[in-house]
file start_30.cif (mmCIF, C-alpha atoms)
data_query
loop_
_atom_site.label_atom_id
_atom_site.label_comp_id
_atom_site.auth_asym_id
_atom_site.auth_seq_id
_atom_site.Cartn_x
_atom_site.Cartn_y
_atom_site.Cartn_z
CA MET A 1 0.00 0.00 0.00
CA PRO A 2 1.69 3.29 -1.01
CA GLU A 3 2.19 5.96 1.59
CA ALA A 4 -0.04 9.01 1.46
CA ASP A 5 1.68 12.38 1.63
CA GLY A 6 1.89 13.64 5.21
CA GLU A 7 1.32 10.19 6.74
CA MET A 8 3.61 8.76 9.36
CA PRO A 9 4.29 5.14 8.33
CA ALA A 10 4.98 2.43 10.83
CA SER A 11 8.41 1.89 9.30
CA PRO A 12 11.33 4.22 10.10
CA LEU A 13 11.33 5.58 6.55
CA PRO A 14 10.01 9.20 6.42
CA PRO A 15 7.28 10.20 3.96
CA ARG A 16 8.20 12.01 0.79
CA ASP A 17 7.25 15.68 0.81
CA THR A 18 5.27 16.52 -2.32
CA GLY A 19 3.66 19.68 -0.99
CA ALA A 20 0.24 18.02 -0.56
CA ALA A 21 -1.84 18.64 2.54
CA PRO A 22 -1.03 16.25 5.39
CA ASP A 23 -3.31 13.28 5.88
CA PRO A 24 -4.01 11.43 9.10
CA VAL A 25 -1.56 8.98 10.56
CA ARG A 26 -2.50 5.30 10.58
CA THR A 27 -0.67 3.26 13.18
CA PRO A 28 -1.04 -0.32 14.36
CA VAL A 29 -2.28 -0.81 17.88
CA GLY A 30 0.63 -2.57 19.54
CA PRO A 31 4.41 -2.33 19.68
CA ALA A 32 6.51 -1.70 16.63
CA VAL A 33 8.05 -4.75 15.02
CA GLY A 34 11.80 -4.83 14.61
CA PRO A 35 14.44 -2.34 15.71
CA ALA A 36 14.48 0.99 13.92
CA ASP A 37 18.26 0.98 13.61
CA ALA A 38 18.15 -2.15 11.45
CA THR A 39 16.94 -0.11 8.49
CA PRO A 40 19.40 1.55 6.10
CA ARG A 41 19.27 5.31 6.48
CA GLU A 42 17.39 6.91 3.64
CA GLY A 43 15.23 9.94 3.06
CA LEU A 44 15.46 13.20 5.02
CA SER A 45 18.36 13.16 7.46
CA TRP A 46 16.40 14.94 10.21
CA SER A 47 14.23 11.82 10.57
CA TRP A 48 17.10 9.39 11.16
CA GLU A 49 17.15 9.78 14.95
CA LEU A 50 13.38 9.75 15.56
CA ASP A 51 12.33 7.36 18.31
CA PHE A 52 9.46 5.51 16.64
CA GLU A 53 8.81 3.36 19.71
CA THR A 54 8.11 6.56 21.66
CA LEU A 55 5.98 7.80 18.77
CA LEU A 56 3.85 4.67 18.66
CA THR A 57 3.45 4.73 22.44
CA ALA A 58 2.26 8.34 22.27
CA LEU A 59 -0.28 7.46 19.60
CA THR A 60 -1.66 4.25 21.10
CA GLU A 61 -1.90 5.33 24.75
CA PRO A 62 -3.89 8.18 26.29
CA ALA A 63 -2.36 11.63 25.91
CA PRO A 64 0.14 12.44 28.70
CA TRP A 65 -2.19 15.08 30.18
CA ASN A 66 -5.10 12.56 30.28
CA ARG A 67 -3.32 9.61 31.88
CA PRO A 68 -4.69 8.70 35.33
CA ILE A 69 -2.41 8.83 38.34
CA GLN A 70 -1.42 5.32 39.27
CA PRO A 71 -1.90 4.67 43.02
CA ILE A 72 1.04 3.15 44.88
CA PRO A 73 -0.07 -0.15 46.45
CA ALA A 74 0.51 -0.65 50.17
CA ALA A 75 3.56 -2.76 50.97
CA ALA A 76 1.57 -5.14 53.16
CA GLN A 77 -1.19 -5.65 50.64
CA PRO A 78 -0.55 -8.66 48.44
CA ALA A 79 -0.81 -8.13 44.74
CA PRO A 80 -3.97 -9.60 43.22
CA VAL A 81 -3.51 -12.81 41.35
CA GLN A 82 -3.81 -12.16 37.65
CA PRO A 83 -5.22 -14.85 35.40
CA ALA A 84 -2.66 -16.39 33.15
CA PRO A 85 -2.70 -14.59 29.81
CA VAL A 86 -3.55 -16.50 26.71
CA GLN A 87 -0.31 -17.27 24.98
CA PRO A 88 -0.34 -16.16 21.36
CA ALA A 89 0.97 -18.41 18.70
CA PRO A 90 4.76 -18.23 18.54
CA VAL A 91 6.04 -15.84 15.96
CA GLN A 92 8.25 -17.52 13.47
CA PRO A 93 11.53 -15.68 13.02
CA ALA A 94 11.89 -14.01 9.67
CA PRO A 95 14.51 -15.48 7.37
CA ALA A 96 17.81 -13.65 7.39
CA ASP A 97 17.30 -12.43 3.84
CA VAL A 98 13.94 -10.73 4.55
CA ASP A 99 14.09 -6.93 4.53
CA PRO A 100 13.05 -5.73 8.02
CA VAL A 101 11.25 -2.77 6.45
CA GLU A 102 9.16 -5.10 4.28
CA ALA A 103 8.43 -7.31 7.28
CA GLU A 104 7.25 -4.33 9.32
CA PHE A 105 5.16 -3.05 6.42
CA ALA A 106 3.53 -6.46 6.13
CA GLU A 107 2.73 -6.30 9.84
CA LEU A 108 1.10 -2.92 9.30
CA LEU A 109 -1.04 -4.25 6.45
CA GLU A 110 -2.08 -7.18 8.58
CA ALA A 111 -3.07 -4.86 11.42
CA ILE A 112 -5.18 -2.76 9.03
CA ASP A 113 -6.88 -5.85 7.57
CA GLU A 114 -7.74 -7.16 11.04
CA GLY A 115 -9.05 -3.80 12.27
CA ARG A 116 -6.20 -3.31 14.72
CA SER A 117 -5.36 0.18 13.48
CA ARG A 118 -6.83 3.61 13.95
CA THR A 119 -6.49 6.96 12.25
CA VAL A 120 -4.68 9.67 14.19
CA PRO A 121 -4.53 13.26 12.84
CA LEU A 122 -0.97 14.34 12.17
CA ALA A 123 -1.32 17.45 14.36
CA MET A 124 -2.40 15.22 17.26
CA ALA A 125 0.63 13.01 16.74
CA ALA A 126 2.98 16.00 16.71
CA GLY A 127 1.36 17.52 19.79
CA ARG A 128 1.90 14.34 21.76
CA VAL A 129 5.53 13.71 20.85
CA ALA A 130 7.01 17.21 20.53
CA GLU A 131 7.78 17.55 24.23
CA SER A 132 9.83 14.33 24.20
CA LEU A 133 11.95 15.28 21.18
CA PRO A 134 15.37 16.91 21.55
CA THR A 135 16.01 20.26 19.96
CA GLY A 136 17.11 20.15 16.36
CA PRO A 137 15.77 19.51 12.87
CA ASP A 138 13.59 16.59 13.98
CA LEU A 139 11.70 18.82 16.43
CA ALA A 140 11.41 21.53 13.77
CA GLY A 141 10.00 19.00 11.32
CA TRP A 142 7.31 17.84 13.73
CA LEU A 143 6.34 21.38 14.70
CA ALA A 144 6.06 22.30 11.02
CA THR A 145 3.42 19.58 10.50
CA SER A 146 1.15 20.98 13.23
CA PRO A 147 -1.37 23.67 12.27
CA VAL A 148 -2.10 25.45 15.53
CA PRO A 149 -5.92 25.30 15.21
CA ASP A 150 -5.73 21.50 14.91
CA LEU A 151 -3.81 20.91 18.15
CA GLU A 152 -5.43 19.28 21.17
CA ASP A 153 -6.16 21.55 24.12
CA GLY A 154 -3.74 19.67 26.33
CA ALA A 155 -0.91 19.98 23.81
CA LEU A 156 -0.87 23.77 23.53
CA ALA A 157 1.36 24.56 26.51
CA GLY A 158 3.84 21.84 25.62
CA MET A 159 3.96 22.96 22.00
CA ALA A 160 4.65 26.54 23.07
CA ALA A 161 7.53 25.29 25.22
CA SER A 162 8.79 23.21 22.29
CA TYR A 163 8.87 26.29 20.06
CA ARG A 164 10.80 28.11 22.79
CA ARG A 165 13.35 25.30 22.95
CA LEU A 166 13.66 25.34 19.17
CA ALA A 167 14.23 29.11 19.19
CA SER A 168 17.04 28.63 21.72
CA TRP A 169 18.62 26.03 19.46
CA ALA A 170 18.42 28.37 16.47
CA GLN A 171 19.89 31.30 18.41
CA ALA A 172 22.73 29.09 19.65
CA GLY A 173 23.45 28.15 16.06
CA GLU A 174 23.54 31.80 15.00
CA LEU A 175 25.87 32.69 17.86
CA ALA A 176 28.16 29.78 17.01
CA ILE A 177 28.47 31.13 13.47
CA VAL A 178 29.21 34.63 14.74
CA ALA A 179 31.88 33.24 17.07
CA GLN A 180 33.47 31.37 14.18
CA LEU A 181 33.41 34.53 12.08
CA ALA A 182 35.23 36.42 14.86
CA SER A 183 37.75 33.59 15.22
CA ARG A 184 38.62 33.43 11.55
CA SER A 185 38.81 37.18 11.23
CA ALA A 186 41.16 37.36 14.23
CA ALA A 187 43.31 34.53 12.89
CA ALA A 188 43.79 36.45 9.66
CA ASP A 189 44.85 39.59 11.53
CA ASN A 190 48.49 39.49 12.63
CA LYS A 191 47.78 42.08 15.33
CA ILE A 192 45.10 39.97 17.03
CA GLY A 193 45.47 36.22 16.52
CA VAL A 194 43.77 33.31 18.27
CA ASP A 195 44.76 30.78 20.92
CA GLU A 196 44.95 26.99 20.49
CA GLN A 197 41.19 26.67 20.80
CA GLY A 198 40.58 29.37 18.20
CA ARG A 199 39.47 32.03 20.69
CA PRO A 200 40.30 35.53 19.44
CA ALA A 201 42.45 37.70 21.68
CA LYS A 202 39.95 40.49 21.10
CA LEU A 203 37.02 41.16 18.81
CA PRO A 204 38.15 42.22 15.33
CA GLU A 205 36.37 45.33 14.08
CA GLU A 206 36.13 43.71 10.65
CA ALA A 207 34.14 40.78 12.08
CA CYS A 208 31.78 43.10 13.94
CA ALA A 209 31.26 45.05 10.73
CA GLN A 210 30.26 41.85 8.92
CA VAL A 211 27.83 40.96 11.69
CA SER A 212 26.39 44.47 11.58
CA LEU A 213 25.82 44.20 7.84
CA ALA A 214 24.49 40.63 7.82
CA LEU A 215 22.12 41.00 10.78
CA THR A 216 21.15 44.66 10.23
CA MET A 217 22.55 45.78 13.58
CA SER A 218 24.22 48.94 14.69
CA GLN A 219 27.98 48.66 15.17
CA ALA A 220 27.53 48.75 18.94
CA SER A 221 24.88 46.00 18.88
CA ALA A 222 26.98 43.87 16.54
CA SER A 223 29.97 44.23 18.87
CA TRP A 224 27.85 43.20 21.87
CA TRP A 225 26.36 40.24 19.97
CA SER A 226 29.81 39.07 18.86
CA ASP A 227 31.15 39.36 22.40
CA LEU A 228 28.25 37.22 23.66
CA ALA A 229 28.98 34.65 20.95
CA VAL A 230 32.65 34.43 21.95
CA ALA A 231 31.74 34.14 25.64
CA LEU A 232 29.27 31.29 25.06
CA THR A 233 31.72 29.45 22.80
CA TRP A 234 34.92 29.65 24.84
CA ARG A 235 34.48 31.32 28.24
CA LEU A 236 31.22 29.63 29.32
CA PRO A 237 30.76 26.70 26.92
CA ALA A 238 28.38 24.85 29.26
CA THR A 239 25.92 27.75 29.05
CA GLY A 240 26.31 27.73 25.27
CA ALA A 241 25.52 24.01 25.22
CA ALA A 242 22.51 24.55 27.49
CA LEU A 243 21.20 27.18 25.07
CA ARG A 244 21.70 24.83 22.13
CA ASN A 245 19.87 22.02 23.94
CA GLY A 246 16.95 24.27 24.91
CA GLN A 247 17.71 23.95 28.62
CA VAL A 248 17.86 27.75 28.91
CA ASP A 249 16.67 30.50 26.60
CA LEU A 250 18.69 33.44 25.34
CA GLY A 251 17.61 35.75 28.18
CA ARG A 252 18.84 33.35 30.85
CA ALA A 253 22.08 32.67 28.99
CA ARG A 254 22.71 36.43 28.86
CA LEU A 255 22.08 36.74 32.60
CA ILE A 256 24.74 34.12 33.32
CA VAL A 257 27.26 35.77 30.99
CA ASP A 258 26.63 39.25 32.40
CA ALA A 259 26.71 38.17 36.04
CA THR A 260 30.10 36.49 35.63
CA ALA A 261 31.71 39.08 33.37
CA ALA A 262 33.80 40.64 36.16
CA LEU A 263 35.13 37.27 37.38
CA ASP A 264 38.18 35.42 36.21
CA GLU A 265 37.40 32.50 33.94
CA GLU A 266 37.85 29.75 36.54
CA THR A 267 35.55 31.48 39.03
CA ALA A 268 33.05 32.30 36.31
CA ARG A 269 32.80 28.64 35.39
CA ALA A 270 32.37 27.69 39.04
CA VAL A 271 29.41 30.08 39.30
CA GLU A 272 28.07 28.71 36.03
CA ALA A 273 28.26 25.14 37.34
CA THR A 274 26.33 26.19 40.46
CA VAL A 275 23.38 27.89 38.78
CA LEU A 276 23.11 26.22 35.38
CA PRO A 277 21.45 22.89 36.38
CA THR A 278 18.32 24.70 37.62
CA ALA A 279 18.53 27.88 35.53
CA GLY A 280 15.81 26.75 33.12
CA ASP A 281 13.36 26.17 35.98
CA LYS A 282 13.73 29.66 37.43
CA THR A 283 12.19 32.93 36.40
CA THR A 284 14.67 35.58 35.35
CA ALA A 285 14.27 37.32 38.71
CA GLN A 286 14.94 34.07 40.58
CA LEU A 287 17.94 33.31 38.36
CA ARG A 288 19.34 36.80 38.88
CA ALA A 289 19.10 36.33 42.65
CA ALA A 290 20.72 32.88 42.45
CA LEU A 291 23.56 34.31 40.38
CA ARG A 292 24.07 37.10 42.89
CA ARG A 293 24.35 34.59 45.74
CA ALA A 294 26.70 32.34 43.75
CA VAL A 295 28.97 35.24 42.79
CA ILE A 296 29.16 36.43 46.40
CA ALA A 297 30.02 32.92 47.59
CA ALA A 298 32.67 32.41 44.90
CA ASP A 299 34.26 35.88 44.92
CA PRO A 300 32.96 38.58 47.29
CA GLU A 301 35.26 41.17 45.71
CA GLY A 302 34.00 40.26 42.26
CA ALA A 303 30.46 40.77 43.47
CA GLU A 304 31.38 44.31 44.52
CA ARG A 305 32.87 44.99 41.10
CA HIS A 306 29.65 43.76 39.42
CA PRO A 307 26.69 45.00 41.52
#
call {"tool": "encode", "arguments": {"input": "start_30.cif", "output": "structure tokens"}}
result
Amino acid sequence: MPEADGEMPASPLPPRDTGAAPDPVRTPVGPAVGPADATPREGLSWSWELDFETLLTALTEPAPWNRPIQPIPAAAQPAPVQPAPVQPAPVQPAPADVDPVEAEFAELLEAIDEGRSRTVPLAMAAGRVAESLPTGPDLAGWLATSPVPDLEDGALAGMAASYRRLASWAQAGELAIVAQLASRSAAADNKIGVDEQGRPAKLPEEACAQVSLALTMSQASASWWSDLAVALTWRLPATGAALRNGQVDLGRARLIVDATAALDEETARAVEATVLPTAGDKTTAQLRAALRRAVIAADPEGAERHP
């Protein structure tokens, strides 16, 4: 059975994008057959790392916001005796020369023929899995398939948070490019140069001018943006990684950079290590207060230099 445009097949192969409107997703009720990594990588690269077991679980179980809270049984209460399940007929192993994709597709057809499948709108599928996806092209691809009016009520908050994480990833990518531009420009300037890691000794004016032109910024804004890029790449790389992973957004990353600017690099990284694990769970006011306490504990004199 050919795949319809916009459908999510049961196999790990992504659908071909022909520009047609997305159709519902048809999935078998039950676990996926065969490991996803057994299939040769084809199609769009952003789909290679998708966890299809998680996807199928999200589609065949109640939505996360509708799942009942499971009570914890008392330790003294014996577990009820469950009747022995009916053992299904043993599944014969597929011959070694059978393509696992074809075998899984055959399982899907069998599930459809026996009525063990259901139609799930693509927006519903995306709304249920977006929160569990890491930042990157795969998350962007799922968000792009989800018209906002078609989302479930319970998915809206999580989808908004997913877009925020994706924005952090994109901003981290932009800053990484700006940092590389500053590094290469400094390396080409005999009066500036770079260290072994490629960090420029200072920001080249030529690099800031390129940033100003490319991003339509004033020279002062371009210089500030380039300095932030260099700081997140070499001085506080853990904060840069947290921004790229969506753990913190740009505003929180800037707070960490600004609060540690007056400290030496070793102390700055110690403050970073203290506040970063919970930075994404704090409001900006709470994070600012936590940074203030961490700076005072690490370097009281530095705290006075950076009120």
call {"tool": "atom_distance", "arguments": {"input": "start_30.cif", "atom1": "CA of Trp224 in chain A", "atom2": "CA of Ala176 in chain A"}}
result
14.3 Å
call {"tool": "resolve_selection", "arguments": {"input": "start_30.cif", "expression": "the PyMOL selection byres ((chain A and resi 269) around 12)", "output": "PDB file with C-alpha atoms, in the frame of the given file"}}
result
ATOM      1  CA  ALA A 231      31.740  34.140  25.640  1.00  0.00           C
ATOM      2  CA  LEU A 232      29.270  31.290  25.060  1.00  0.00           C
ATOM      3  CA  TRP A 234      34.920  29.650  24.840  1.00  0.00           C
ATOM      4  CA  ARG A 235      34.480  31.320  28.240  1.00  0.00           C
ATOM      5  CA  LEU A 236      31.220  29.630  29.320  1.00  0.00           C
ATOM      6  CA  PRO A 237      30.760  26.700  26.920  1.00  0.00           C
ATOM      7  CA  ALA A 238      28.380  24.850  29.260  1.00  0.00           C
ATOM      8  CA  THR A 239      25.920  27.750  29.050  1.00  0.00           C
ATOM      9  CA  ILE A 256      24.740  34.120  33.320  1.00  0.00           C
ATOM     10  CA  VAL A 257      27.260  35.770  30.990  1.00  0.00           C
ATOM     11  CA  ALA A 259      26.710  38.170  36.040  1.00  0.00           C
ATOM     12  CA  THR A 260      30.100  36.490  35.630  1.00  0.00           C
ATOM     13  CA  ALA A 261      31.710  39.080  33.370  1.00  0.00           C
ATOM     14  CA  LEU A 263      35.130  37.270  37.380  1.00  0.00           C
ATOM     15  CA  ASP A 264      38.180  35.420  36.210  1.00  0.00           C
ATOM     16  CA  GLU A 265      37.400  32.500  33.940  1.00  0.00           C
ATOM     17  CA  GLU A 266      37.850  29.750  36.540  1.00  0.00           C
ATOM     18  CA  THR A 267      35.550  31.480  39.030  1.00  0.00           C
ATOM     19  CA  ALA A 268      33.050  32.300  36.310  1.00  0.00           C
ATOM     20  CA  ALA A 270      32.370  27.690  39.040  1.00  0.00           C
ATOM     21  CA  VAL A 271      29.410  30.080  39.300  1.00  0.00           C
ATOM     22  CA  GLU A 272      28.070  28.710  36.030  1.00  0.00           C
ATOM     23  CA  ALA A 273      28.260  25.140  37.340  1.00  0.00           C
ATOM     24  CA  THR A 274      26.330  26.190  40.460  1.00  0.00           C
ATOM     25  CA  VAL A 275      23.380  27.890  38.780  1.00  0.00           C
ATOM     26  CA  LEU A 276      23.110  26.220  35.380  1.00  0.00           C
ATOM     27  CA  LEU A 291      23.560  34.310  40.380  1.00  0.00           C
ATOM     28  CA  ALA A 294      26.700  32.340  43.750  1.00  0.00           C
ATOM     29  CA  VAL A 295      28.970  35.240  42.790  1.00  0.00           C
ATOM     30  CA  ALA A 298      32.670  32.410  44.900  1.00  0.00           C
TER      31      ALA A 298
END
call {"tool": "atom_distance", "arguments": {"input": "start_30.cif", "atom1": "CA of Trp169 in chain A", "atom2": "CA of Gly127 in chain A"}}
result
19.2 Å
call {"tool": "closest_residue", "arguments": {"input": "start_30.cif", "among": "A:Thr135, A:Thr216, A:Ser185, A:Thr145", "to": "Ala170 in chain A", "atoms": "only C-alpha atoms"}}
result
A:Thr135
call {"tool": "atom_distance", "arguments": {"input": "start_30.cif", "atom1": "CA of Leu109 in chain A", "atom2": "CA of Arg128 in chain A"}}
result
24.3 Å
call {"tool": "resolve_selection", "arguments": {"input": "start_30.cif", "expression": "the PyMOL selection byres ((chain A and resi 227) around 10)", "output": "tab-separated table (two decimals) with C-alpha atoms, in the frame of the given file"}}
result
chain	number	residue	atom	x	y	z
A	175	LEU	CA	25.87	32.69	17.86
A	178	VAL	CA	29.21	34.63	14.74
A	179	ALA	CA	31.88	33.24	17.07
A	182	ALA	CA	35.23	36.42	14.86
A	202	LYS	CA	39.95	40.49	21.10
A	203	LEU	CA	37.02	41.16	18.81
A	208	CYS	CA	31.78	43.10	13.94
A	221	SER	CA	24.88	46.00	18.88
A	222	ALA	CA	26.98	43.87	16.54
A	223	SER	CA	29.97	44.23	18.87
A	224	TRP	CA	27.85	43.20	21.87
A	225	TRP	CA	26.36	40.24	19.97
A	226	SER	CA	29.81	39.07	18.86
A	228	LEU	CA	28.25	37.22	23.66
A	229	ALA	CA	28.98	34.65	20.95
A	230	VAL	CA	32.65	34.43	21.95
A	231	ALA	CA	31.74	34.14	25.64
A	232	LEU	CA	29.27	31.29	25.06
A	233	THR	CA	31.72	29.45	22.80
call {"tool": "residues_around", "arguments": {"input": "start_30.cif", "residues": "range 150-166 of chain A", "least_positions_apart": "5", "cutoff": "9 Å", "atoms": "all atoms listed in the file", "output": "list in words"}}
result
Ala63, Pro64, Trp65, Asn66, Pro121, Ala123, Met124, Ala126, Gly127, Arg128, Ala130, Glu131, Leu133, Pro134, Thr135, Gly136, Pro137, Leu139, Ala140, Leu143, Gln171, Leu243, Arg244, Asn245, Gly246, Gln247, Val248 and Asp249 of chain A
call {"tool": "residues_around", "arguments": {"input": "start_30.cif", "residues": "Pro204 in chain A", "least_positions_apart": "5", "cutoff": "10 Å", "atoms": "all atoms listed in the file", "output": "mmCIF file with C-alpha atoms, in the frame of the given file"}}
result
data_model
loop_
_atom_site.group_PDB
_atom_site.id
_atom_site.type_symbol
_atom_site.label_atom_id
_atom_site.label_comp_id
_atom_site.auth_asym_id
_atom_site.auth_seq_id
_atom_site.Cartn_x
_atom_site.Cartn_y
_atom_site.Cartn_z
ATOM 1 C CA LEU A 181 33.410 34.530 12.080
ATOM 2 C CA ALA A 182 35.230 36.420 14.860
ATOM 3 C CA SER A 183 37.750 33.590 15.220
ATOM 4 C CA ARG A 184 38.620 33.430 11.550
ATOM 5 C CA SER A 185 38.810 37.180 11.230
ATOM 6 C CA ALA A 186 41.160 37.360 14.230
ATOM 7 C CA ALA A 187 43.310 34.530 12.890
ATOM 8 C CA ALA A 188 43.790 36.450 9.660
ATOM 9 C CA ASP A 189 44.850 39.590 11.530
ATOM 10 C CA LYS A 191 47.780 42.080 15.330
ATOM 11 C CA ILE A 192 45.100 39.970 17.030
ATOM 12 C CA GLY A 193 45.470 36.220 16.520
ATOM 13 C CA ALA A 209 31.260 45.050 10.730
ATOM 14 C CA SER A 223 29.970 44.230 18.870
ATOM 15 C CA SER A 226 29.810 39.070 18.860
#
